[in-house]
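Data file: my_file_2.cif. Format and content: mmCIF, C-alpha atoms.
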```
data_start
loop_
_atom_site.label_atom_id
_atom_site.label_comp_id
_atom_site.auth_asym_id
_atom_site.auth_seq_id
_atom_site.Cartn_x
_atom_site.Cartn_y
_atom_site.Cartn_z
CA MET A 1 0.00 0.00 0.00
CA THR A 2 1.41 3.39 -1.01
CA LEU A 3 1.30 6.38 1.30
CA LEU A 4 -1.37 7.97 -0.89
CA ASP A 5 -3.44 4.81 -0.48
CA ARG A 6 -3.08 5.21 3.29
CA VAL A 7 -4.24 8.81 3.02
CA LEU A 8 -7.34 7.68 1.11
CA SER A 9 -8.07 4.66 3.31
CA ARG A 10 -11.49 4.55 4.94
CA ASP A 11 -10.22 4.60 8.54
CA ASN A 12 -7.91 7.57 7.89
CA LEU A 13 -10.65 9.54 6.14
CA GLN A 14 -13.12 8.89 8.94
CA ARG A 15 -10.60 10.19 11.48
CA ALA A 16 -9.97 13.26 9.31
CA LEU A 17 -13.68 14.01 8.94
CA LYS A 18 -14.21 13.69 12.68
CA GLN A 19 -11.31 16.07 13.38
CA VAL A 20 -12.49 18.67 10.86
CA ARG A 21 -16.01 18.62 12.28
CA GLN A 22 -14.63 18.95 15.80
CA ASN A 23 -12.43 21.91 14.85
CA GLN A 24 -15.27 23.72 13.02
CA GLY A 25 -13.91 26.90 11.45
CA ALA A 26 -14.95 29.58 8.99
CA PRO A 27 -15.83 28.80 5.35
CA GLY A 28 -13.31 29.16 2.53
CA ILE A 29 -13.78 30.93 -0.78
CA ASP A 30 -16.72 28.69 -1.79
CA GLY A 31 -18.76 29.55 1.31
CA MET A 32 -19.34 25.90 2.31
CA THR A 33 -19.62 25.35 6.06
CA VAL A 34 -18.34 22.38 8.06
CA ASP A 35 -21.93 21.26 8.72
CA GLU A 36 -22.48 20.93 4.96
CA LEU A 37 -19.34 18.84 4.39
CA ARG A 38 -20.73 15.36 5.13
CA GLY A 39 -23.62 15.74 2.68
CA TYR A 40 -21.30 17.10 0.00
CA LEU A 41 -18.86 14.21 0.37
CA LYS A 42 -21.65 11.63 0.10
CA GLN A 43 -22.49 13.02 -3.31
CA TYR A 44 -19.13 14.02 -4.76
CA TRP A 45 -16.41 12.02 -2.94
CA PRO A 46 -16.08 9.25 -5.60
CA GLU A 47 -15.29 11.93 -8.20
CA ILE A 48 -12.85 13.76 -5.90
CA ARG A 49 -11.12 10.51 -4.97
CA ALA A 50 -10.70 9.57 -8.64
CA ARG A 51 -9.01 12.91 -9.34
CA LEU A 52 -6.72 12.46 -6.32
CA VAL A 53 -5.67 8.98 -7.51
CA ALA A 54 -5.14 10.21 -11.07
CA GLY A 55 -3.01 13.11 -9.84
CA ASN A 56 -5.09 15.88 -11.43
CA TYR A 57 -6.86 17.24 -8.35
CA CYS A 58 -6.53 21.04 -8.09
CA PRO A 59 -6.94 22.55 -4.60
CA LYS A 60 -8.81 25.84 -4.41
CA PRO A 61 -6.99 29.01 -3.31
CA VAL A 62 -7.14 29.86 0.38
CA LYS A 63 -9.09 32.88 1.57
CA ARG A 64 -6.89 35.59 3.06
CA VAL A 65 -8.01 37.11 6.35
CA GLU A 66 -6.11 39.27 8.82
CA ILE A 67 -6.29 38.82 12.60
CA PRO A 68 -4.92 41.37 15.07
CA LYS A 69 -1.67 40.79 16.97
CA PRO A 70 -0.90 42.15 20.45
CA ASP A 71 1.51 44.72 19.00
CA GLY A 72 -1.25 46.29 16.90
CA LYS A 73 -0.18 44.65 13.63
CA THR A 74 -2.07 41.87 11.88
CA ARG A 75 -1.22 38.27 11.06
CA PRO A 76 -2.27 36.93 7.62
CA LEU A 77 -4.14 33.63 7.65
CA GLY A 78 -5.22 31.43 4.76
CA ILE A 79 -8.54 29.62 5.20
CA PRO A 80 -8.90 26.56 2.93
CA THR A 81 -12.29 25.36 1.78
CA VAL A 82 -13.75 22.70 4.05
CA VAL A 83 -13.18 20.02 1.38
CA ASP A 84 -9.50 20.94 1.13
CA ARG A 85 -9.34 21.13 4.92
CA PHE A 86 -10.64 17.55 5.05
CA ILE A 87 -8.06 16.31 2.51
CA GLN A 88 -5.26 18.22 4.23
CA GLN A 89 -6.19 16.64 7.56
CA ALA A 90 -6.03 13.17 6.00
CA ILE A 91 -2.59 13.97 4.54
CA ALA A 92 -1.33 15.48 7.81
CA GLN A 93 -2.22 12.32 9.77
CA VAL A 94 -0.13 10.12 7.48
CA VAL A 95 2.81 12.53 7.14
CA SER A 96 2.90 13.05 10.90
CA ALA A 97 2.97 9.30 11.52
CA GLN A 98 5.87 8.93 9.07
CA TRP A 99 7.92 11.76 10.57
CA GLU A 100 7.10 11.46 14.26
CA PRO A 101 9.79 8.83 15.12
CA HIS A 102 12.43 11.06 13.50
CA PHE A 103 11.69 14.41 15.15
CA HIS A 104 14.15 15.64 17.74
CA PRO A 105 13.14 14.91 21.37
CA HIS A 106 13.47 18.61 22.24
CA SER A 107 10.88 19.59 19.64
CA TYR A 108 7.68 19.80 21.64
CA GLY A 109 4.89 20.80 19.31
CA ALA A 110 3.45 22.80 16.46
CA ILE A 111 1.05 25.68 16.19
CA ARG A 112 -2.09 25.91 14.11
CA PRO A 113 -4.70 28.64 14.03
CA ILE A 114 -8.31 27.52 14.44
CA LEU A 115 -10.81 29.98 13.08
CA GLY A 116 -14.13 30.29 14.85
CA ALA A 117 -17.10 30.69 12.53
CA HIS A 118 -18.53 34.19 12.64
CA PRO A 119 -22.23 34.63 11.84
CA ALA A 120 -21.32 36.78 8.86
CA GLY A 121 -18.90 34.19 7.57
CA GLN A 122 -15.80 36.05 8.68
CA PRO A 123 -13.60 35.18 11.66
CA SER A 124 -13.89 37.67 14.49
CA ALA A 125 -11.09 38.90 16.70
CA VAL A 126 -12.80 37.33 19.70
CA GLN A 127 -13.10 33.90 18.15
CA ASN A 128 -9.66 33.69 16.57
CA ARG A 129 -7.21 32.08 18.91
CA SER A 130 -3.91 30.40 18.11
CA GLN A 131 -4.39 26.89 19.40
CA ARG A 132 -1.19 24.92 19.94
CA PHE A 133 -1.13 21.23 19.13
CA CYS A 134 1.49 19.05 20.75
CA ARG A 135 3.33 16.05 19.44
CA PRO A 136 2.36 12.75 21.10
CA ASN A 137 3.69 12.70 24.67
CA ARG A 138 5.02 16.26 24.23
CA SER A 139 3.62 19.52 25.56
CA ALA A 140 4.36 23.21 25.94
CA HIS A 141 4.74 22.65 29.69
CA GLN A 142 7.54 20.17 29.02
CA ALA A 143 9.32 22.73 26.84
CA VAL A 144 9.10 25.33 29.59
CA ARG A 145 10.29 22.83 32.22
CA GLU A 146 13.26 21.89 30.01
CA ILE A 147 14.46 25.49 29.91
CA GLN A 148 13.82 25.89 33.65
CA GLY A 149 15.90 22.80 34.42
CA GLN A 150 18.82 23.98 32.31
CA VAL A 151 18.76 27.43 33.94
CA ARG A 152 18.90 25.79 37.36
CA ASN A 153 21.88 23.74 36.13
CA GLY A 154 23.87 26.93 35.58
CA TYR A 155 22.93 27.92 32.02
CA ARG A 156 21.66 31.35 33.03
CA TRP A 157 21.75 33.15 29.70
CA VAL A 158 19.21 32.55 26.95
CA VAL A 159 19.47 33.00 23.19
CA ASP A 160 15.88 33.89 22.28
CA MET A 161 15.46 33.62 18.51
CA ASP A 162 12.44 34.86 16.58
CA LEU A 163 12.07 33.92 12.92
CA GLU A 164 10.72 36.79 10.87
CA ALA A 165 7.50 35.91 8.96
CA PHE A 166 8.41 32.21 9.19
CA PHE A 167 5.22 30.78 7.70
CA ASP A 168 5.35 33.25 4.80
CA ARG A 169 8.96 32.52 3.76
CA VAL A 170 9.35 28.75 3.77
CA ASN A 171 11.11 27.66 0.57
CA HIS A 172 8.93 25.12 -1.25
CA ASP A 173 11.75 23.25 -3.00
CA ARG A 174 13.73 22.73 0.21
CA LEU A 175 10.58 21.66 2.04
CA ILE A 176 9.64 19.01 -0.54
CA HIS A 177 13.24 17.79 -0.71
CA ARG A 178 13.40 17.31 3.05
CA LEU A 179 9.87 15.93 3.26
CA GLN A 180 10.66 13.07 0.89
CA ARG A 181 13.22 11.63 3.32
CA HIS A 182 10.38 9.92 5.20
CA VAL A 183 7.56 10.37 2.67
CA PRO A 184 8.95 8.52 -0.36
CA ASP A 185 5.72 8.71 -2.38
CA ARG A 186 5.88 10.93 -5.45
CA ALA A 187 2.11 11.05 -5.90
CA LEU A 188 1.62 12.28 -2.33
CA LEU A 189 4.47 14.78 -2.65
CA ARG A 190 2.89 16.19 -5.85
CA LEU A 191 -0.39 16.62 -3.99
CA ILE A 192 1.33 18.42 -1.09
CA ASN A 193 3.15 20.65 -3.57
CA ALA A 194 -0.19 21.46 -5.21
CA TYR A 195 -1.50 22.67 -1.85
CA LEU A 196 1.60 24.80 -1.32
CA LYS A 197 1.07 26.48 -4.69
CA ALA A 198 -2.74 26.69 -4.59
CA GLY A 199 -2.70 30.49 -4.39
CA VAL A 200 -4.44 32.97 -2.13
CA ARG A 201 -7.68 34.87 -2.72
CA ILE A 202 -7.62 38.47 -1.50
CA ASP A 203 -11.04 40.05 -2.02
CA SER A 204 -11.72 39.17 -5.66
CA THR A 205 -8.09 38.76 -6.74
CA THR A 206 -6.21 35.45 -6.77
CA LEU A 207 -2.44 35.65 -6.29
CA PRO A 208 0.09 32.84 -6.77
CA THR A 209 2.01 31.46 -3.77
CA THR A 210 5.65 30.84 -4.65
CA GLU A 211 6.85 30.47 -1.06
CA GLY A 212 5.47 30.00 2.43
CA VAL A 213 3.09 27.65 4.21
CA PRO A 214 -0.28 29.39 4.73
CA GLN A 215 -1.34 29.39 8.37
CA GLY A 216 -4.89 28.16 8.74
CA GLY A 217 -4.88 24.62 7.35
CA PRO A 218 -4.29 21.29 9.12
CA LEU A 219 -1.19 20.56 7.02
CA SER A 220 0.79 23.70 7.90
CA PRO A 221 1.93 22.72 11.45
CA VAL A 222 3.31 19.37 10.28
CA LEU A 223 5.19 20.97 7.39
CA ALA A 224 6.54 23.69 9.70
CA ASN A 225 7.94 21.03 12.04
CA VAL A 226 9.58 19.27 9.09
CA VAL A 227 11.32 22.52 8.10
CA LEU A 228 12.56 23.34 11.61
CA ASP A 229 13.56 19.76 12.39
CA GLU A 230 16.74 20.53 10.46
CA LEU A 231 17.48 23.34 12.93
CA ASP A 232 16.91 20.97 15.87
CA TRP A 233 19.50 18.48 14.68
CA GLU A 234 21.98 21.25 13.86
CA LEU A 235 21.66 22.47 17.46
CA GLU A 236 22.16 18.88 18.63
CA ARG A 237 25.27 18.51 16.45
CA ARG A 238 26.75 21.65 18.03
CA GLY A 239 26.03 20.37 21.53
CA HIS A 240 23.61 23.13 22.54
CA ARG A 241 20.90 22.85 25.19
CA PHE A 242 17.58 24.06 23.82
CA ALA A 243 13.83 23.65 23.59
CA ARG A 244 11.67 24.42 20.56
CA TYR A 245 7.90 24.70 20.28
CA ALA A 246 6.81 25.49 16.71
CA ASP A 247 8.83 28.57 15.72
CA ASP A 248 9.60 29.54 19.35
CA CYS A 249 13.15 28.39 20.13
CA ASN A 250 15.31 29.09 23.18
CA VAL A 251 18.97 28.09 23.48
CA VAL A 252 20.58 28.38 26.93
CA VAL A 253 24.27 29.08 27.53
CA LYS A 254 26.51 29.97 30.49
CA SER A 255 27.70 33.45 29.53
CA LYS A 256 26.66 36.48 27.55
CA THR A 257 29.74 36.16 25.33
CA ALA A 258 28.82 32.57 24.46
CA GLY A 259 25.23 33.66 23.78
CA GLU A 260 26.29 36.41 21.40
CA ARG A 261 28.57 33.98 19.57
CA VAL A 262 25.74 31.41 19.26
CA MET A 263 23.28 34.05 18.08
CA ALA A 264 25.60 35.29 15.33
CA SER A 265 26.48 31.76 14.18
CA LEU A 266 22.88 30.52 14.11
CA THR A 267 21.67 33.65 12.33
CA ARG A 268 24.15 32.98 9.50
CA TRP A 269 23.26 29.26 9.37
CA ILE A 270 19.49 29.91 9.26
CA ASP A 271 19.92 32.46 6.48
CA LYS A 272 22.24 30.29 4.39
CA THR A 273 20.73 26.83 4.97
CA LEU A 274 17.03 27.32 5.75
CA ARG A 275 16.78 30.54 3.71
CA LEU A 276 14.92 32.18 6.55
CA THR A 277 15.58 35.41 8.45
CA VAL A 278 16.06 35.95 12.18
CA ASN A 279 14.14 38.99 13.39
CA GLU A 280 16.90 41.04 15.05
CA ARG A 281 14.38 43.41 16.65
CA LYS A 282 12.61 40.63 18.57
CA SER A 283 15.59 38.33 19.16
CA ALA A 284 18.04 38.86 22.00
CA VAL A 285 20.69 37.40 24.28
CA ASP A 286 19.50 38.10 27.80
CA ARG A 287 18.77 36.70 31.22
CA PRO A 288 15.84 34.23 31.23
CA TRP A 289 13.85 36.35 33.69
CA ASN A 290 13.94 39.23 31.21
CA ARG A 291 12.43 37.15 28.40
CA LYS A 292 9.25 35.12 27.98
CA PHE A 293 8.84 31.65 26.50
CA LEU A 294 5.40 30.23 25.65
CA GLY A 295 3.71 32.72 27.95
CA PHE A 296 6.00 32.08 30.95
CA THR A 297 9.12 33.64 32.41
CA LEU A 298 11.40 32.72 35.33
CA SER A 299 12.03 34.37 38.66
CA ARG A 300 15.50 35.52 39.66
CA GLY A 301 17.55 33.29 41.91
CA ASP A 302 15.86 29.89 42.04
CA ALA A 303 14.24 30.18 38.56
CA ARG A 304 10.64 29.51 39.52
CA LEU A 305 7.98 29.66 36.80
CA LYS A 306 6.04 32.90 36.53
CA VAL A 307 3.28 34.05 34.22
CA ALA A 308 4.80 36.64 31.90
CA ASP A 309 3.38 40.16 32.05
CA PRO A 310 2.10 40.10 28.44
CA SER A 311 0.11 36.94 29.25
CA LEU A 312 -1.50 38.68 32.22
CA ASP A 313 -2.28 41.69 30.04
CA LYS A 314 -4.00 39.43 27.51
CA LEU A 315 -6.14 37.89 30.26
CA LYS A 316 -7.15 41.32 31.52
CA ASP A 317 -8.04 42.44 27.99
CA ARG A 318 -10.10 39.31 27.50
CA ILE A 319 -12.03 39.88 30.74
CA ARG A 320 -12.66 43.52 29.83
CA GLU A 321 -13.91 42.38 26.43
CA LEU A 322 -16.31 39.84 27.92
CA THR A 323 -17.65 42.22 30.60
CA ARG A 324 -18.02 45.29 28.39
CA ARG A 325 -21.37 46.95 29.13
CA THR A 326 -22.19 47.63 25.49
CA ARG A 327 -22.17 43.94 24.54
CA GLY A 328 -25.83 43.59 25.41
CA ARG A 329 -25.46 40.08 26.85
CA ARG A 330 -27.37 38.57 29.76
CA LEU A 331 -25.48 38.26 33.04
CA ILE A 332 -25.86 34.47 32.99
CA ASP A 333 -24.23 34.33 29.53
CA ILE A 334 -21.37 36.57 30.62
CA ILE A 335 -20.73 34.32 33.61
CA ALA A 336 -20.66 31.24 31.36
CA GLU A 337 -18.16 32.90 28.99
CA LEU A 338 -15.97 34.03 31.87
CA ARG A 339 -16.04 30.50 33.25
CA VAL A 340 -14.72 29.05 30.01
CA ALA A 341 -12.04 31.74 29.64
CA LEU A 342 -10.79 31.55 33.23
CA LEU A 343 -10.78 27.77 33.46
CA GLY A 344 -8.87 27.53 30.17
CA TRP A 345 -6.34 30.08 31.40
CA LYS A 346 -5.98 28.20 34.69
CA ALA A 347 -5.48 24.88 32.89
CA TYR A 348 -2.47 26.27 30.99
CA PHE A 349 -0.91 28.70 33.49
CA GLY A 350 -1.72 26.64 36.58
CA ILE A 351 1.84 25.29 36.70
CA ALA A 352 3.18 28.75 37.63
CA GLU A 353 5.15 28.67 40.88
CA VAL A 354 4.96 32.38 41.70
CA LEU A 355 1.51 33.50 42.80
CA SER A 356 1.26 36.89 41.09
CA PRO A 357 3.31 40.03 40.38
CA GLU A 358 1.46 41.83 43.18
CA ALA A 359 2.50 39.09 45.63
CA GLY A 360 6.18 39.46 44.76
CA ASP A 361 8.04 36.17 44.52
CA ARG A 362 5.82 34.34 47.01
CA GLN A 363 5.72 30.67 46.05
CA VAL A 364 2.49 28.77 45.46
CA ASP A 365 1.91 25.04 45.54
CA THR A 366 0.11 24.57 42.22
CA ALA A 367 -1.00 21.06 43.14
CA GLN A 368 -2.90 22.37 46.18
CA ALA A 369 -3.78 25.89 45.01
CA PRO A 370 -7.50 26.40 45.64
CA MET A 371 -9.66 27.44 42.72
CA LEU A 372 -12.36 30.05 43.04
CA PRO A 373 -15.80 28.50 43.32
CA VAL A 374 -17.59 28.51 40.00
CA GLU A 375 -21.35 28.52 39.68
CA PRO A 376 -22.80 25.54 37.78
CA MET A 377 -23.62 26.17 34.13
CA GLY A 378 -27.07 27.63 33.72
CA GLU A 379 -27.14 29.17 37.24
CA CYS A 380 -26.03 32.50 38.67
CA ARG A 381 -26.10 34.17 42.04
CA LEU A 382 -29.22 36.30 42.55
CA SER A 383 -28.86 39.94 43.47
CA ARG A 384 -30.01 41.02 46.91
CA VAL A 385 -32.96 42.86 45.37
CA THR A 386 -34.20 39.81 43.48
CA GLN A 387 -33.58 37.51 46.47
CA THR A 388 -35.60 39.83 48.72
CA ARG A 389 -38.49 39.83 46.28
CA ARG A 390 -38.41 36.05 45.89
CA ASP A 391 -38.31 35.42 49.64
CA GLY A 392 -41.15 37.93 50.24
CA ALA A 393 -39.26 39.35 53.19
CA GLY A 394 -41.41 42.02 54.94
CA SER A 395 -43.81 44.43 53.38
CA GLN A 396 -41.23 47.16 52.90
CA ARG A 397 -41.18 48.32 49.30
CA THR A 398 -37.89 47.65 47.51
CA PRO A 399 -36.49 50.74 45.81
CA ALA A 400 -36.93 50.72 42.04
CA ASN A 401 -33.33 51.75 41.54
CA PRO A 402 -31.11 50.29 44.30
CA PRO A 403 -27.78 52.08 44.84
CA MET A 404 -24.95 50.78 42.68
CA ALA A 405 -21.74 49.62 44.33
CA ARG A 406 -18.54 51.34 43.43
CA GLY A 407 -15.59 49.60 41.84
CA ALA A 408 -15.12 47.05 39.08
CA PHE A 409 -17.95 44.78 40.20
CA ARG A 410 -21.41 46.29 40.51
CA GLU A 411 -24.88 45.05 41.32
CA HIS A 412 -26.90 43.95 38.32
CA ARG A 413 -30.67 44.10 38.12
CA LEU A 414 -32.19 40.86 36.94
#
```
Mind converting the file's structure to structure tokens?
Amino acid sequence: MTLLDRVLSRDNLQRALKQVRQNQGAPGIDGMTVDELRGYLKQYWPEIRARLVAGNYCPKPVKRVEIPKPDGKTRPLGIPTVVDRFIQQAIAQVVSAQWEPHFHPHSYGAIRPILGAHPAGQPSAVQNRSQRFCRPNRSAHQAVREIQGQVRNGYRWVVDMDLEAFFDRVNHDRLIHRLQRHVPDRALLRLINAYLKAGVRIDSTTLPTTEGVPQGGPLSPVLANVVLDELDWELERRGHRFARYADDCNVVVKSKTAGERVMASLTRWIDKTLRLTVNERKSAVDRPWNRKFLGFTLSRGDARLKVADPSLDKLKDRIRELTRRTRGRRLIDIIAELRVALLGWKAYFGIAEVLSPEAGDRQVDTAQAPMLPVEPMGECRLSRVTQTRRDGAGSQRTPANPPMARGAFREHRL
């Protein structure tokens, strides 16, 4: 059985369809939604499969959308049609299985944007979140712990490298050449190359894609890991201590001089070999507690995990967004949204060992840290006015407009 046959096998396709339906996402250029995919495949899949086997299937261009970044700029995303998303997912599952045994042990995951479906068909800033997907038995927490352990072992300088526009500048020829090391199937490689060169639709104009891996499809994180796997093994060959998660890579050294030497050498190697560019403005050689890695930083001295200030700022912005008065949402709905946001934040940042910036460097036992009580879904605490009315307490008339409390949290009339 060829690798393309494995991609088109019934079991693999069923897994891919389940994953695509679970991820949801906004429509591509044809406007088809994920809910319409199953019915479409029942009618047209034999024809699509025949074209895939014959090697004449032509993927549709991705739809270009821009999502805001914390620095005020925007990040370009390419949304494939749901049919192409389904085929990409089937390809990604096979390619990942072929490459997984060969990835470096200090490569901990890949990143893929999941676009929430907006009622108008466009992804909204609220619903777009970069969801990180880990390799089997690998996680972002392990990457952070690896750097923490090395810092505690005396490697107290970090080479923090940021690749400039990484997903937009991947060289297609080098990617296909490296990919075929563990994907020796020309038919499958031609199909992957067709997706790389499918083009991008911006408004009503279709532009060719001669380089880059569009963020937004299921195939992009696997291909990104294949590209950067070469960097991992080069770091291993040089004897460096490092951890990489997608395009976030930290190398730890024992002195500033060594860090500057490593930064200069790796910058030249990345430019010459990978044909990528290190962003000098965002990259630096510094102390670990002055930098952030995957949302965390380290405390001085004993290198305990802390939530980085930008991560706290994002949480505050998210809470302000959800509790904005002009949203016109019911209190019970706001509570439910806050519950999801706060529990998700706690699930990721709960390993932090320093309580908060306001508490200084006071240590917290994350295994025993109490969580704030959360009301069950569908319930909320009644205001004193409503509770008084419900209990029928006394005959005293309740004021029509009870006084509002001062501060961030105020009474709400139900």
Chain and number of each residue from the PyMOL selection byres ((chain A and resi 296) around 6), as a list in words: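 Applied to this file, the PyMOL selection byres ((chain A and resi 296) around 6) returns Lys292, Phe293, Leu294, Gly295, Thr297, Lys306, Val307 and Ala308 of chain A.
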I'd like the interatomic distance between CA of Leu3 in chain A and CA of His104 in chain A, to a tenth of an Å.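 CA of His104 in chain A lies at a distance of 22.8 Å from CA of Leu3 in chain A.
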Rounded to one decimal place, report the CA of Asp248 in chain A-CA of Ala140 in chain A distance in Å.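 Calculated distance between CA of Asp248 in chain A and CA of Ala140 in chain A is 10.5 Å.
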Neighbour list for Ala341 in chain A as a PyMOL selection string, cut-off 10 Å, all atoms listed in the file, skip fewer than 5 positions in-chain: chain A and resi 315+318-319+322+335-336+346
Residue by residue, what does the PyMOL selection byres ((chain A and resi 29-41) around 7) grab here? Present the result as an NGL selection string. :A and (21 or 24 or 26-28 or 42-45 or 62-63 or 81-83)
Picked residues, the PyMOL selection byres ((chain A and resi 152) around 12), expected as JSON, numbers by chain: {"A": [145, 146, 147, 148, 149, 150, 151, 153, 154, 155, 156, 157, 252, 253, 254, 288, 298, 299, 300, 301, 302, 303, 304, 305]}
Select range 197-204 of chain A in the preceding structure and write all heavy atoms to a file as a PDB file, in the first residue's frame.
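Final file, decode-v5.pdb:
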```pdb
ATOM      1  N   LYS A 197       1.140  25.525  -3.593  1.00  0.00           N
ATOM      2  CA  LYS A 197       1.073  26.482  -4.691  1.00  0.00           C
ATOM      3  C   LYS A 197      -0.365  26.771  -5.123  1.00  0.00           C
ATOM      4  O   LYS A 197      -0.600  27.235  -6.246  1.00  0.00           O
ATOM      5  CB  LYS A 197       1.881  25.964  -5.879  1.00  0.00           C
ATOM      6  CG  LYS A 197       3.353  25.719  -5.556  1.00  0.00           C
ATOM      7  CD  LYS A 197       4.142  25.303  -6.767  1.00  0.00           C
ATOM      8  CE  LYS A 197       5.604  25.023  -6.422  1.00  0.00           C
ATOM      9  NZ  LYS A 197       6.290  26.174  -5.812  1.00  0.00           N
ATOM     10  N   ALA A 198      -1.330  26.527  -4.231  1.00  0.00           N
ATOM     11  CA  ALA A 198      -2.745  26.692  -4.591  1.00  0.00           C
ATOM     12  C   ALA A 198      -3.137  28.145  -4.785  1.00  0.00           C
ATOM     13  O   ALA A 198      -4.150  28.445  -5.418  1.00  0.00           O
ATOM     14  CB  ALA A 198      -3.629  26.051  -3.515  1.00  0.00           C
ATOM     15  N   GLY A 199      -2.376  29.069  -4.243  1.00  0.00           N
ATOM     16  CA  GLY A 199      -2.696  30.486  -4.389  1.00  0.00           C
ATOM     17  C   GLY A 199      -3.506  31.003  -3.218  1.00  0.00           C
ATOM     18  O   GLY A 199      -3.967  30.248  -2.360  1.00  0.00           O
ATOM     19  N   VAL A 200      -3.692  32.313  -3.205  1.00  0.00           N
ATOM     20  CA  VAL A 200      -4.437  32.969  -2.133  1.00  0.00           C
ATOM     21  C   VAL A 200      -5.418  33.964  -2.743  1.00  0.00           C
ATOM     22  O   VAL A 200      -5.081  34.690  -3.685  1.00  0.00           O
ATOM     23  CB  VAL A 200      -3.476  33.670  -1.138  1.00  0.00           C
ATOM     24  CG1 VAL A 200      -2.591  34.677  -1.842  1.00  0.00           C
ATOM     25  CG2 VAL A 200      -4.247  34.330  -0.014  1.00  0.00           C
ATOM     26  N   ARG A 201      -6.645  33.953  -2.246  1.00  0.00           N
ATOM     27  CA  ARG A 201      -7.678  34.868  -2.724  1.00  0.00           C
ATOM     28  C   ARG A 201      -7.785  36.043  -1.765  1.00  0.00           C
ATOM     29  O   ARG A 201      -8.129  35.875  -0.589  1.00  0.00           O
ATOM     30  CB  ARG A 201      -9.012  34.135  -2.814  1.00  0.00           C
ATOM     31  CG  ARG A 201     -10.196  34.995  -3.269  1.00  0.00           C
ATOM     32  CD  ARG A 201     -10.172  35.290  -4.760  1.00  0.00           C
ATOM     33  NE  ARG A 201     -10.146  34.061  -5.548  1.00  0.00           N
ATOM     34  CZ  ARG A 201     -11.250  33.362  -5.880  1.00  0.00           C
ATOM     35  NH1 ARG A 201     -12.428  33.740  -5.446  1.00  0.00           N
ATOM     36  NH2 ARG A 201     -11.140  32.276  -6.625  1.00  0.00           N
ATOM     37  N   ILE A 202      -7.497  37.236  -2.274  1.00  0.00           N
ATOM     38  CA  ILE A 202      -7.620  38.468  -1.501  1.00  0.00           C
ATOM     39  C   ILE A 202      -8.714  39.293  -2.147  1.00  0.00           C
ATOM     40  O   ILE A 202      -8.560  39.781  -3.269  1.00  0.00           O
ATOM     41  CB  ILE A 202      -6.292  39.255  -1.461  1.00  0.00           C
ATOM     42  CG1 ILE A 202      -5.162  38.385  -0.911  1.00  0.00           C
ATOM     43  CG2 ILE A 202      -6.432  40.515  -0.631  1.00  0.00           C
ATOM     44  CD1 ILE A 202      -3.801  39.043  -0.932  1.00  0.00           C
ATOM     45  N   ASP A 203      -9.838  39.430  -1.452  1.00  0.00           N
ATOM     46  CA  ASP A 203     -11.037  40.055  -2.022  1.00  0.00           C
ATOM     47  C   ASP A 203     -11.434  39.276  -3.272  1.00  0.00           C
ATOM     48  O   ASP A 203     -11.759  38.113  -3.187  1.00  0.00           O
ATOM     49  CB  ASP A 203     -10.792  41.536  -2.299  1.00  0.00           C
ATOM     50  CG  ASP A 203     -10.517  42.314  -1.010  1.00  0.00           C
ATOM     51  OD1 ASP A 203     -11.099  41.947   0.020  1.00  0.00           O
ATOM     52  OD2 ASP A 203      -9.709  43.270  -1.049  1.00  0.00           O
ATOM     53  N   SER A 204     -11.343  39.870  -4.426  1.00  0.00           N
ATOM     54  CA  SER A 204     -11.723  39.173  -5.659  1.00  0.00           C
ATOM     55  C   SER A 204     -10.514  38.820  -6.519  1.00  0.00           C
ATOM     56  O   SER A 204     -10.665  38.352  -7.653  1.00  0.00           O
ATOM     57  CB  SER A 204     -12.686  40.043  -6.477  1.00  0.00           C
ATOM     58  OG  SER A 204     -12.086  41.294  -6.807  1.00  0.00           O
TER      59      SER A 204
END
```
